[in-house]
Structures are given as structure tokens and as C-alpha cells.
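*Asks:* So that you have it, the file is input.txt, and it contains compact mmCIF, C-alpha atoms:
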```
# COMPACT_ATOMS: atom_id res chain seq x y z
CA MET O 1081 0.00 0.00 0.00
CA PRO O 1082 1.33 3.48 -0.86
CA SER O 1083 2.35 5.32 2.32
CA VAL O 1084 2.61 8.86 0.97
CA ASP O 1085 0.22 11.68 1.85
CA LEU O 1086 0.93 14.30 -0.84
CA HIS O 1087 -1.45 16.84 0.71
CA ARG O 1088 0.47 16.71 3.97
CA ILE O 1089 3.80 17.07 2.16
CA LEU O 1090 2.51 20.11 0.27
CA GLU O 1091 1.31 21.63 3.56
CA LYS O 1092 4.84 21.24 4.94
CA MET O 1093 6.18 22.84 1.77
CA ILE O 1094 3.99 25.90 2.32
CA ALA O 1095 4.67 26.06 6.08
CA ARG O 1096 8.44 26.10 5.46
CA SER O 1097 8.21 28.67 2.63
CA ALA O 1098 9.81 26.28 0.15
CA SER O 1099 9.80 27.21 -3.51
CA ASP O 1100 10.04 23.66 -4.89
CA LEU O 1101 9.36 20.06 -3.95
CA HIS O 1102 11.31 17.18 -5.51
CA LEU O 1103 9.85 13.66 -5.53
CA ARG O 1104 11.50 10.48 -6.76
CA ALA O 1105 11.38 6.78 -6.07
CA GLY O 1106 14.01 5.58 -3.61
CA ALA O 1107 14.45 8.90 -1.77
CA PRO O 1108 12.47 11.01 0.70
CA PRO O 1109 10.77 14.19 -0.53
CA VAL O 1110 13.20 17.14 -0.82
CA LEU O 1111 12.30 20.83 -0.42
CA ARG O 1112 14.16 23.78 -1.91
CA ILE O 1113 14.23 26.49 0.78
CA ASP O 1114 15.96 29.78 -0.06
CA GLY O 1115 17.83 28.00 -2.84
CA THR O 1116 19.08 25.11 -0.66
CA LEU O 1117 17.84 21.50 -0.94
CA VAL O 1118 16.51 20.19 2.39
CA PRO O 1119 15.27 16.55 2.72
CA LEU O 1120 12.07 16.02 4.70
CA ASP O 1121 11.98 13.60 7.61
CA HIS O 1122 10.01 11.05 5.62
CA VAL O 1123 10.43 7.45 4.57
CA PRO O 1124 11.83 7.01 1.05
CA LEU O 1125 9.15 7.00 -1.61
CA GLY O 1126 8.55 3.80 -3.52
CA MET O 1127 7.55 3.28 -7.15
CA GLU O 1128 4.00 2.56 -5.97
CA ASP O 1129 3.97 5.91 -4.15
CA MET O 1130 5.07 7.78 -7.27
CA GLU O 1131 2.50 6.00 -9.43
CA ALA O 1132 -0.21 6.88 -6.89
CA ILE O 1133 0.87 10.54 -6.87
CA THR O 1134 0.74 10.80 -10.66
CA ARG O 1135 -2.72 9.18 -10.74
CA GLN O 1136 -3.82 11.70 -8.12
CA ILE O 1137 -2.60 14.96 -9.64
CA VAL O 1138 -1.76 14.48 -13.36
CA PRO O 1139 -4.90 15.58 -15.26
CA PRO O 1140 -6.79 12.65 -16.83
CA ASP O 1141 -6.33 14.02 -20.36
CA LEU O 1142 -2.55 14.02 -19.85
CA GLN O 1143 -2.20 10.55 -18.31
CA GLU O 1144 -1.95 8.81 -21.68
CA SER O 1145 0.51 11.41 -22.98
CA PHE O 1146 2.69 10.93 -19.89
CA ALA O 1147 2.69 7.16 -20.30
CA ARG O 1148 3.74 7.58 -23.92
CA SER O 1149 6.26 10.46 -23.75
CA HIS O 1150 7.51 9.90 -20.16
CA GLU O 1151 7.27 13.63 -19.28
CA VAL O 1152 4.47 16.08 -18.67
CA ASP O 1153 3.94 19.72 -17.61
CA PHE O 1154 0.77 20.84 -15.85
CA SER O 1155 -0.57 22.97 -13.01
CA PHE O 1156 -3.02 22.21 -10.23
CA GLY O 1157 -4.50 23.93 -7.20
CA ILE O 1158 -5.54 22.98 -3.69
CA SER O 1159 -8.29 25.15 -2.25
CA GLY O 1160 -7.09 27.31 0.63
CA LEU O 1161 -3.48 26.22 0.18
CA ALA O 1162 -1.83 27.28 -3.09
CA ARG O 1163 -1.47 26.60 -6.78
CA PHE O 1164 1.36 24.47 -8.04
CA ARG O 1165 3.25 24.03 -11.31
CA ALA O 1166 4.46 20.47 -11.84
CA ASN O 1167 6.71 18.53 -14.15
CA PHE O 1168 6.81 14.74 -13.93
CA TYR O 1169 9.31 12.62 -15.82
CA TYR O 1170 11.12 9.30 -15.80
CA GLN O 1171 14.69 8.72 -14.61
CA ARG O 1172 16.38 5.31 -14.53
CA GLY O 1173 13.05 3.73 -15.36
CA THR O 1174 11.20 5.25 -12.39
CA ILE O 1175 8.91 8.26 -11.99
CA ALA O 1176 10.22 11.55 -10.59
CA GLY O 1177 8.64 14.96 -10.25
CA ALA O 1178 9.30 18.60 -9.45
CA ILE O 1179 6.51 20.76 -8.03
CA ARG O 1180 6.79 24.54 -7.69
CA CYS O 1181 4.60 26.55 -5.34
CA ILE O 1182 2.60 29.46 -6.81
CA PRO O 1183 0.97 31.64 -4.12
CA LEU O 1184 -2.79 32.17 -4.36
CA THR O 1185 -2.31 35.92 -3.94
CA ILE O 1186 -0.28 37.91 -6.45
CA PRO O 1187 2.37 40.04 -4.71
CA GLU O 1188 2.59 43.74 -5.54
CA ILE O 1189 5.75 45.05 -7.16
CA ASP O 1190 6.73 47.04 -4.05
CA ALA O 1191 6.65 43.86 -1.95
CA LEU O 1192 9.19 42.15 -4.21
CA HIS O 1193 12.05 44.61 -3.61
CA LEU O 1194 12.17 45.44 -7.32
CA PRO O 1195 13.46 48.76 -8.68
CA ALA O 1196 10.78 51.45 -8.90
CA ILE O 1197 11.31 51.68 -12.65
CA VAL O 1198 9.59 48.27 -13.04
CA SER O 1199 6.22 49.84 -12.12
CA GLN O 1200 6.79 52.60 -14.67
CA LEU O 1201 7.62 50.06 -17.36
CA ALA O 1202 4.40 48.13 -16.70
CA MET O 1203 2.46 51.28 -17.55
CA LYS O 1204 4.04 51.67 -21.00
CA PRO O 1205 1.41 51.74 -23.76
CA ARG O 1206 3.43 49.69 -26.23
CA GLY O 1207 6.72 47.89 -26.82
CA LEU O 1208 8.45 44.67 -25.76
CA ILE O 1209 9.53 44.09 -22.16
CA LEU O 1210 11.60 40.98 -21.46
CA VAL O 1211 12.15 39.56 -17.98
CA THR O 1212 15.15 37.24 -18.04
CA GLY O 1213 17.08 34.95 -15.72
CA THR O 1214 17.79 31.33 -14.94
CA VAL O 1215 15.13 28.89 -13.75
CA GLY O 1216 13.77 29.95 -10.35
CA SER O 1217 15.02 33.54 -10.50
CA GLY O 1218 11.61 35.19 -10.01
CA LYS O 1219 10.64 35.86 -13.63
CA SER O 1220 7.08 34.52 -13.40
CA THR O 1221 6.40 36.32 -10.12
CA THR O 1222 7.67 39.61 -11.54
CA LEU O 1223 5.54 39.28 -14.69
CA ALA O 1224 2.48 38.39 -12.59
CA ALA O 1225 3.00 41.50 -10.45
CA MET O 1226 3.30 43.67 -13.56
CA ILE O 1227 0.14 42.20 -15.11
CA ASP O 1228 -1.66 42.65 -11.78
CA LEU O 1229 -0.67 46.34 -11.68
CA ILE O 1230 -2.00 46.86 -15.22
CA ASN O 1231 -5.18 44.94 -14.33
CA ARG O 1232 -5.84 47.00 -11.19
CA THR O 1233 -5.11 50.45 -12.57
CA THR O 1234 -5.95 50.59 -16.30
CA GLU O 1235 -8.71 49.60 -18.71
CA LYS O 1236 -7.02 47.11 -21.04
CA ASN O 1237 -7.72 43.83 -22.79
CA ILE O 1238 -4.98 41.49 -21.53
CA ILE O 1239 -4.35 38.11 -23.16
CA THR O 1240 -1.83 35.62 -21.82
CA VAL O 1241 -0.46 32.43 -23.40
CA GLU O 1242 1.15 30.20 -20.77
CA ASP O 1243 2.44 26.65 -20.43
CA PRO O 1244 1.03 26.04 -17.91
CA ILE O 1245 -0.99 28.85 -16.30
CA GLU O 1246 0.65 29.79 -13.01
CA PHE O 1247 -0.83 32.84 -11.26
CA LEU O 1248 -4.58 33.26 -11.68
CA HIS O 1249 -5.79 36.76 -12.59
CA ARG O 1250 -9.38 37.97 -12.38
CA ASN O 1251 -10.96 40.91 -14.17
CA GLN O 1252 -10.56 44.19 -12.29
CA LYS O 1253 -10.36 47.43 -14.26
CA SER O 1254 -9.08 45.40 -17.20
CA ILE O 1255 -10.44 42.23 -18.76
CA ILE O 1256 -8.03 39.31 -18.92
CA SER O 1257 -8.01 36.02 -20.82
CA GLN O 1258 -5.52 33.34 -19.76
CA ARG O 1259 -4.89 30.60 -22.32
CA GLU O 1260 -3.07 27.42 -21.35
CA VAL O 1261 -1.14 25.44 -23.94
CA GLY O 1262 -2.62 21.98 -24.31
CA GLN O 1263 -5.94 22.96 -22.75
CA ASP O 1264 -7.09 26.20 -24.39
CA THR O 1265 -4.84 26.06 -27.46
CA LEU O 1266 -2.84 23.35 -29.20
CA ASP O 1267 0.54 25.04 -28.82
CA TYR O 1268 2.30 28.40 -28.55
CA LEU O 1269 2.46 28.84 -32.31
CA ALA O 1270 -1.27 28.23 -32.78
CA ALA O 1271 -2.16 30.70 -30.02
CA LEU O 1272 0.20 33.39 -31.25
CA LYS O 1273 -0.94 33.00 -34.86
CA TYR O 1274 -4.37 34.41 -34.00
CA ILE O 1275 -3.66 36.54 -30.94
CA LEU O 1276 -3.56 39.85 -32.83
CA ARG O 1277 -7.14 39.20 -34.06
CA GLN O 1278 -8.38 39.08 -30.45
CA ASP O 1279 -8.07 42.87 -29.96
CA PRO O 1280 -5.38 42.77 -27.25
CA ASP O 1281 -3.84 45.82 -25.61
CA VAL O 1282 -1.41 43.76 -23.53
CA ILE O 1283 0.01 40.35 -24.48
CA LEU O 1284 1.89 38.08 -22.09
CA ILE O 1285 3.83 35.21 -23.69
CA GLY O 1286 4.95 32.81 -20.98
CA GLU O 1287 8.29 32.14 -22.66
CA ILE O 1288 10.06 33.04 -25.89
CA ARG O 1289 11.10 29.61 -27.10
CA ASP O 1290 12.03 29.97 -30.75
CA GLN O 1291 12.13 32.17 -33.81
CA ALA O 1292 8.38 31.94 -34.38
CA SER O 1293 7.41 33.18 -30.91
CA MET O 1294 10.12 35.86 -31.04
CA SER O 1295 8.81 37.10 -34.40
CA VAL O 1296 5.23 37.38 -33.11
CA ALA O 1297 6.43 39.25 -30.01
CA LEU O 1298 8.44 41.73 -32.09
CA MET O 1299 5.63 42.21 -34.61
CA ALA O 1300 3.01 42.76 -31.90
CA ALA O 1301 5.24 45.25 -30.09
CA ASP O 1302 6.03 47.04 -33.35
CA THR O 1303 2.33 47.40 -34.17
CA GLY O 1304 1.42 49.19 -30.94
CA HIS O 1305 0.85 46.47 -28.34
CA LEU O 1306 2.55 46.04 -24.97
CA VAL O 1307 4.19 42.60 -24.98
CA LEU O 1308 5.71 40.97 -21.89
CA SER O 1309 7.66 37.72 -21.95
CA THR O 1310 10.64 35.82 -20.54
CA LEU O 1311 13.93 34.46 -21.81
CA HIS O 1312 16.43 32.16 -20.09
CA THR O 1313 19.35 34.58 -20.38
CA THR O 1314 21.50 36.04 -17.62
CA ASP O 1315 21.81 39.73 -18.57
CA ALA O 1316 20.83 42.34 -21.15
CA ALA O 1317 23.79 41.82 -23.49
CA GLN O 1318 23.25 38.05 -23.59
CA THR O 1319 19.54 38.66 -24.20
CA VAL O 1320 20.28 40.74 -27.29
CA ASN O 1321 22.65 38.07 -28.62
CA ARG O 1322 20.12 35.30 -27.93
CA ILE O 1323 17.38 37.14 -29.85
CA ILE O 1324 19.66 37.67 -32.84
CA SER O 1325 20.73 34.00 -32.73
CA PHE O 1326 17.14 32.86 -33.36
CA TYR O 1327 17.51 34.10 -36.95
CA PRO O 1328 19.75 33.18 -39.91
CA PRO O 1329 22.66 35.54 -40.60
CA HIS O 1330 21.03 37.25 -43.59
CA GLN O 1331 18.22 38.51 -41.28
CA HIS O 1332 20.42 39.81 -38.47
CA ALA O 1333 20.51 43.43 -39.65
CA GLU O 1334 16.72 43.50 -40.12
CA ILE O 1335 16.10 41.99 -36.66
CA ARG O 1336 18.52 44.43 -35.03
CA PHE O 1337 16.60 47.38 -36.48
CA LEU O 1338 13.24 45.86 -35.49
CA LEU O 1339 14.50 45.16 -31.97
CA ALA O 1340 15.86 48.70 -31.66
CA SER O 1341 12.47 50.16 -32.60
CA SER O 1342 10.22 47.86 -30.54
CA LEU O 1343 12.14 46.94 -27.36
CA GLN O 1344 11.23 48.90 -24.22
CA ALA O 1345 13.39 47.22 -21.61
CA VAL O 1346 15.20 44.09 -20.43
CA ILE O 1347 14.86 43.20 -16.74
CA SER O 1348 17.34 40.49 -15.71
CA MET O 1349 17.11 38.80 -12.32
CA ARG O 1350 19.10 36.68 -9.86
CA LEU O 1351 17.77 35.57 -6.47
CA LEU O 1352 20.19 35.78 -3.53
CA PRO O 1353 19.84 34.45 0.03
CA MET O 1354 19.34 37.24 2.52
CA ALA O 1355 21.95 37.92 5.18
CA GLY O 1356 21.00 36.85 8.69
CA THR O 1357 17.34 36.11 7.96
CA PRO O 1358 15.34 33.54 5.95
CA GLY O 1359 14.24 34.53 2.48
CA ARG O 1360 15.75 35.65 -0.78
CA VAL O 1361 16.09 39.03 -2.44
CA PRO O 1362 16.47 39.81 -6.15
CA ALA O 1363 19.50 41.44 -7.69
CA VAL O 1364 18.13 43.14 -10.80
CA GLU O 1365 19.77 44.51 -13.93
CA VAL O 1366 17.58 46.95 -15.87
CA MET O 1367 18.29 48.09 -19.42
CA ILE O 1368 16.03 50.82 -20.84
CA ASN O 1369 16.01 51.24 -24.60
CA THR O 1370 17.32 54.81 -24.79
CA GLU O 1371 18.65 56.34 -28.01
CA THR O 1372 22.19 55.36 -27.02
CA VAL O 1373 21.11 51.75 -26.39
CA ARG O 1374 19.24 51.73 -29.71
CA GLU O 1375 22.46 52.62 -31.51
CA CYS O 1376 24.16 49.66 -29.79
CA LEU O 1377 21.32 47.34 -30.78
CA ARG O 1378 21.56 48.36 -34.44
CA ASP O 1379 25.37 48.16 -34.60
CA PRO O 1380 26.82 44.70 -33.75
CA ASP O 1381 30.22 46.27 -33.10
CA ARG O 1382 28.71 48.34 -30.25
CA THR O 1383 26.60 45.67 -28.53
CA GLY O 1384 29.47 45.04 -26.12
CA GLN O 1385 29.12 48.62 -24.81
CA ILE O 1386 25.66 47.96 -23.36
CA ARG O 1387 26.86 47.16 -19.82
CA ASP O 1388 28.74 50.47 -19.48
CA ILE O 1389 25.75 52.39 -20.87
CA ILE O 1390 23.48 50.71 -18.31
CA ALA O 1391 25.88 51.63 -15.49
CA ASP O 1392 26.00 55.25 -16.68
CA GLY O 1393 22.19 55.52 -16.90
CA PHE O 1394 21.33 54.90 -13.24
CA HIS O 1395 20.18 58.39 -12.24
CA GLN O 1396 18.77 59.69 -15.51
CA TYR O 1397 16.91 56.61 -16.72
CA GLY O 1398 16.58 54.24 -13.75
CA MET O 1399 18.93 51.68 -15.32
CA GLN O 1400 21.32 49.59 -13.23
CA THR O 1401 23.79 46.77 -13.72
CA PHE O 1402 23.88 43.64 -11.60
CA ASP O 1403 26.94 44.93 -9.78
CA GLN O 1404 25.20 48.21 -8.93
CA SER O 1405 22.18 46.28 -7.67
CA LEU O 1406 24.45 44.03 -5.61
CA MET O 1407 26.27 47.05 -4.19
CA LYS O 1408 22.97 48.58 -3.08
CA LEU O 1409 21.79 45.31 -1.50
CA TYR O 1410 25.11 44.89 0.32
CA ARG O 1411 25.17 48.46 1.63
CA GLU O 1412 21.60 48.01 2.89
CA GLY O 1413 22.70 44.89 4.76
CA LEU O 1414 20.37 42.62 2.77
CA VAL O 1415 23.11 40.31 1.42
CA SER O 1416 26.52 39.30 2.70
CA LEU O 1417 29.77 40.40 1.09
CA GLU O 1418 30.58 36.79 0.22
CA GLU O 1419 27.27 36.36 -1.62
CA ALA O 1420 27.61 39.71 -3.39
CA LEU O 1421 31.09 38.77 -4.63
CA ARG O 1422 29.90 35.32 -5.68
CA GLN O 1423 27.07 36.78 -7.77
CA SER O 1424 29.01 39.76 -9.13
CA THR O 1425 29.66 40.01 -12.85
CA THR O 1426 33.16 41.41 -12.13
CA PRO O 1427 34.00 40.43 -8.52
CA THR O 1428 37.50 41.94 -8.51
CA GLU O 1429 36.22 45.31 -9.71
CA PHE O 1430 33.32 45.06 -7.23
CA GLU O 1431 35.69 44.53 -4.29
CA LEU O 1432 37.92 47.40 -5.41
CA ARG O 1433 34.92 49.73 -5.61
CA LEU O 1434 34.00 48.81 -2.06
CA ARG O 1435 37.43 50.09 -1.09
CA GLY O 1436 36.95 53.25 -3.14
CA ILE O 1437 39.50 52.20 -5.75
CA HIS O 1438 38.75 52.70 -9.45
CA ALA O 1439 40.33 54.32 -12.48
CA THR O 1440 39.88 58.09 -12.70
CA SER O 1441 38.79 57.65 -16.32
CA ASP O 1442 35.98 55.26 -15.28
CA THR O 1443 32.94 57.49 -14.79
CA THR O 1444 30.21 54.89 -15.42
CA TRP O 1445 29.27 54.60 -11.72
CA GLU O 1446 29.26 58.34 -10.91
CA ALA O 1447 25.49 58.74 -11.09
CA PHE O 1448 25.03 55.63 -8.93
CA GLU O 1449 27.53 56.78 -6.29
CA ASN O 1450 26.18 60.35 -6.29
CA SER O 1451 22.62 59.11 -5.70
CA ARG O 1452 23.50 57.78 -2.24
CA ALA O 1453 22.34 59.98 0.59
CA PRO O 1454 24.66 60.17 3.63
CA ALA O 1455 21.96 58.65 5.86
CA ALA O 1456 21.65 55.65 3.57
CA ALA O 1457 25.36 54.94 3.83
CA ALA O 1458 25.73 55.44 7.55
CA GLY O 1459 25.93 52.29 9.64
CA LYS O 1460 25.63 49.93 6.65
CA PRO O 1461 28.20 47.24 5.84
CA GLY O 1462 30.75 48.68 3.48
CA GLY O 1463 29.10 52.10 3.68
CA GLU O 1464 31.08 55.16 2.67
CA PRO O 1465 30.24 58.83 3.02
CA ALA O 1466 28.30 60.00 0.00
CA ARG O 1467 30.24 62.28 -2.31
CA PRO O 1468 28.84 65.52 -3.71
CA PRO O 1469 27.70 65.34 -7.33
CA GLU O 1470 30.52 65.83 -9.81
CA ARG O 1471 28.68 65.92 -13.12
CA PRO O 1472 25.39 64.76 -14.64
CA CYS O 1473 25.13 61.54 -16.63
CA ARG O 1474 26.63 62.05 -20.06
CA GLN O 1475 23.63 60.70 -21.99
CA ALA O 1476 21.12 63.32 -23.07
CA ASP O 1477 18.42 61.44 -24.96
CA GLU O 1478 14.92 61.25 -23.52
CA GLY O 1479 13.72 58.29 -21.51
CA PRO O 1480 12.00 57.29 -18.25
CA SER O 1481 13.05 59.42 -15.32
CA GLY O 1482 15.28 57.66 -12.84
CA ARG O 1483 14.00 57.03 -9.31
CA ARG O 1484 15.57 55.65 -6.16
CA MET O 1485 14.82 51.99 -5.71
CA SER O 1486 12.43 51.05 -2.94
CA GLY O 1487 10.94 47.88 -1.60
CA ALA O 1488 9.80 45.97 1.45
CA SER O 1489 12.40 44.66 3.84
CA LYS O 1490 11.02 41.16 3.40
CA PRO O 1491 10.81 40.46 -0.33
CA GLY O 1492 8.09 38.16 -1.60
CA ILE O 1493 10.09 36.31 -4.25
CA ARG O 1494 11.10 32.90 -3.03
```
Go ahead and express the file in the form of C-alpha cells.
*Replies:*
Amino acid sequence: MPSVDLHRILEKMIARSASDLHLRAGAPPVLRIDGTLVPLDHVPLGMEDMEAITRQIVPPDLQESFARSHEVDFSFGISGLARFRANFYYQRGTIAGAIRCIPLTIPEIDALHLPAIVSQLAMKPRGLILVTGTVGSGKSTTLAAMIDLINRTTEKNIITVEDPIEFLHRNQKSIISQREVGQDTLDYLAALKYILRQDPDVILIGEIRDQASMSVALMAADTGHLVLSTLHTTDAAQTVNRIISFYPPHQHAEIRFLLASSLQAVISMRLLPMAGTPGRVPAVEVMINTETVRECLRDPDRTGQIRDIIADGFHQYGMQTFDQSLMKLYREGLVSLEEALRQSTTPTEFELRLRGIHATSDTTWEAFENSRAPAAAAGKPGGEPARPPERPCRQADEGPSGRRMSGASKPGIR
């Protein structure tokens, strides 16, 4: 007889604020808490247990597909507890599964410790906004918070295409249609083929997977829609290169010009464990498509300059690099120095900046350093007295006004 009570295990997952649950035959259930794998005090699961779990939660219409293909994606909910996204698969001839928790309530942007510019970007009337990062970096939660802000504050027709649906949205000021691949549409391509005929104002594509989905996103953004989606890339420069790589070489110039005209922003994320308290906090790189960035997008020889342009655009446009985000988190005492250095794009340069050492010709961080108020630096790890402004940011093209980042002390991304 199977000895596993999945409902009880999921309750423990929620009680311990775990982001993921791993199940496999021959091992006890394992939780991922703040990025660390923690086994539960539970007897090892048997093959009968795993078969019982799949019969219990894999939707009936997907059971045959799972038996045939040996892998399946789906979502399910438990009333009063949470929603979950699940992937079940076979390994070494036995069933295994990974279940991710999706909270029933959608967190607001301010509760996620995201830069204030993210709220401004969600209010853009048109263009492409990409949220990027590795698996489990907070992309879906960030997109859900942005869609929720649009839904609560504007009158729009929002259409999402997801695989599977994660956060559930209900009509507020906007109307929203959520389409799940495999249930409401055959596949991404079929849904995106007709989406522009459904009178959308805002389109959310769960993930850019290939050239076809990228082309629809660019076309929709170029024709006056706001398009939000995700890519599995680590920063803005890699995102640009990934988009170009979807296309054959003879189309690269055309795609660069289309991207330069339709892209609004790239928001790249990494989740870091907090210092001295449970939970994780996002380090966020933000690239806004200013005129200077557009020139770099159009010219392949200048794409490598994007990181310095982002660093230089902190005050004027609200942009920031990962290292600037990490510096802010460290000075606020939210992450340890060791974690900041581990996650830094250029750890040696990061450590030198903490000591106040950098080349006199390097002015890319001036706006960032000048934005620090003396009170914000006082008493913080690595804090230094704020210096008086030396000069404004050198870019002069128009764009979103920069704002100081704000957020709750206990971020909601797990």
C-alpha cells in the first residue's frame, strides 16, 4: 500500500516557505528552501507511491501522454493552500517529479524589492519588455505582479499564453483572458498565430522559445501592443545576442533594427539568500532602450558597450547593472559580502569599488555613487560617506526618469 500523503507534504512545503518540492522513487521528498535543498523527515518514496501521486494529480487528459512520452507539464491547485506548477518525468526507469509553489495571492511590485522603474515600465502603452534569468530567478512572479498592476489600474484587454498557467488573474479594471497550452490552445504557435485578431492591448507570452514566438512578439510590439515575456538569459547583453541568434545571418541586420524600434526594456534577475534572515532578495539589472542603447542594438560592433551604458544611466533613466544592484543590497545589509562577490559580474572590480579604488577615467558609476544619501550609507556594511555630485550623466536622450529603488524589507520572491 502506498504510504505517501501528498497533501500533507505540500502543507509542509507551504509552512516552510519552500519554492520547490522534488519527488522520486528511492528517496524522501526534498524541499528547496531559499535556494538550498533540504530533505524532509520522511520514509523514502517507492515506485508505488510515485505512481499513486501521478494518478492523483496528473490531469486525466494528460495521463496517456505521460505514459507515452515519459514527461508532462501541468498545473493544479488545492483550495485554501496554493497553486502548483508540476513537471513529472522518468529517470532510470522510475517516476520523478518537481513541483513549484505558486501563491494564491499575487504580490505587488513594491513587496518584491524590485526597482521602482519596473512599475513605470508596466504602464508603458506599447513595446516589448523581457524579464530574463535562470530557472527559479523570479521571472514569473515579476511578470504576474506587472500584469496585476495593469489589471488594477488601467482599462485594457490582456491576453496571456502560458504553459502552464501559473498565477490566476481575475478581471478588475481590465479584462483578462488566460490561455493554457494543451488545454485552451494546441501550442504556442497556434495561439500566437491568431492573438492579434483578439483585440489585445497587452500580451503576455509565458516564454520566448524559438524564432516563431520571437517574431510574433516583435511584430506585436512594433504594431502598438505592450508585450511581456521571458527568456532564459543572464543579462541584457546576452539577451540581445540570444534574440539575434534565433535568426539566420542574412536577417540579423533586419532583426537588429526591429528590436531597436520595438524593445522597451530588459529586466534580468538573480535571487540571492538574505543575510542573517530567511528569504531571498532579487539582484536586478535593468536596461532601458534609450537612443544610445538603440544605436548599440543596431550596430553589432557596439553591442558590447551595453553594460557600461546601463551603469551610466542609473540616475537619468533608472537603469542599473547587476553589480550596482548588488552594491545597493550589500550596503543596505540585505546580502553578505561573500554572496555579493559570488554573484558579481566582475567580482575583482566590485571589491575594489567597495574600497573606493577605481580608475579616474571610469565614470560609469558616478550617477550611482552620487545618488547615495549620507543617511543611507551610515551604519551599513561597506558604507562610505556620499560624495557631492561631480557631473550629470553624459547621456542626453529622452527616456523614463530615474528614481531611487524602494521595496519591502522582506521580499516576496522565493
*Asks:* Taking all atoms listed in the file into account, name the residue in O:Phe1326, O:Leu1269, O:Glu1287, O:Ala1340 that is nearest to O:Asp1302.
*Replies:* O:Ala1340
*Asks:* Between O:Thr1134, O:Asn1167, O:Ser1199, O:Thr1383, which residue has the minimum interatomic distance to O:Ala1147, considering only C-alpha atoms?
*Replies:* O:Thr1134
*Asks:* Taking a cut-off of 10 Å and counting all atoms listed in the file, can you build a table that, for each residue of stretch 1305-1402 of chain O near stretch 1213-1228 of chain O, reports the nearest atom pair and how far apart they are in Å (one decimal), sorted by chain then residue number, as a tab-separated table?
*Replies:*
```
residue	atom	partner	partner_atom	distance
O:Leu1308	CA	O:Leu1223	CA	7.4
O:Ser1309	CA	O:Leu1223	CA	7.7
O:Thr1310	CA	O:Lys1219	CA	6.9
O:Leu1311	CA	O:Gly1213	CA	6.9
O:His1312	CA	O:Gly1213	CA	5.2
O:Thr1313	CA	O:Gly1213	CA	5.2
O:Thr1314	CA	O:Gly1213	CA	4.9
O:Asp1315	CA	O:Gly1213	CA	7.3
O:Ala1316	CA	O:Gly1213	CA	9.9
O:Thr1319	CA	O:Gly1213	CA	9.6
O:Ile1347	CA	O:Gly1213	CA	8.6
O:Ser1348	CA	O:Gly1213	CA	5.5
O:Met1349	CA	O:Gly1213	CA	5.1
O:Arg1350	CA	O:Ser1217	CA	5.2
O:Leu1351	CA	O:Ser1217	CA	5.3
O:Leu1352	CA	O:Ser1217	CA	9.0
O:Arg1360	CA	O:Ser1217	CA	10.0
O:Val1361	CA	O:Gly1218	CA	9.6
O:Pro1362	CA	O:Gly1218	CA	7.7
O:Ala1363	CA	O:Ser1217	CA	9.5
O:Val1364	CA	O:Gly1213	CA	9.6
```
*Asks:* With all atoms listed in the file as the basis for distance, which of O:Pro1119, O:Pro1108, O:Pro1280, O:Pro1139 is at the shortest distance from O:Ile1238?
*Replies:* O:Pro1280
*Asks:* Could you list, as a list in words, every residue within 8 Å of O:Ile1368, counting all atoms listed in the file and ignoring same-chain residues fewer than 5 positions away?
*Replies:*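 Residues meeting the cut-off are Gln1344, Ala1345, Val1346, Val1373, Ile1390, Tyr1397, Gly1398, Met1399 and Gly1479 of chain O.
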*Asks:* I need the residue nearest O:Ala1132 from this list: O:Asn1237, O:His1150, O:Asp1085, O:Val1261. Use all atoms listed in the file for the distance.
*Replies:*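 Ranking O:Asn1237, O:His1150, O:Asp1085, O:Val1261 by distance to O:Ala1132, first place goes to O:Asp1085.
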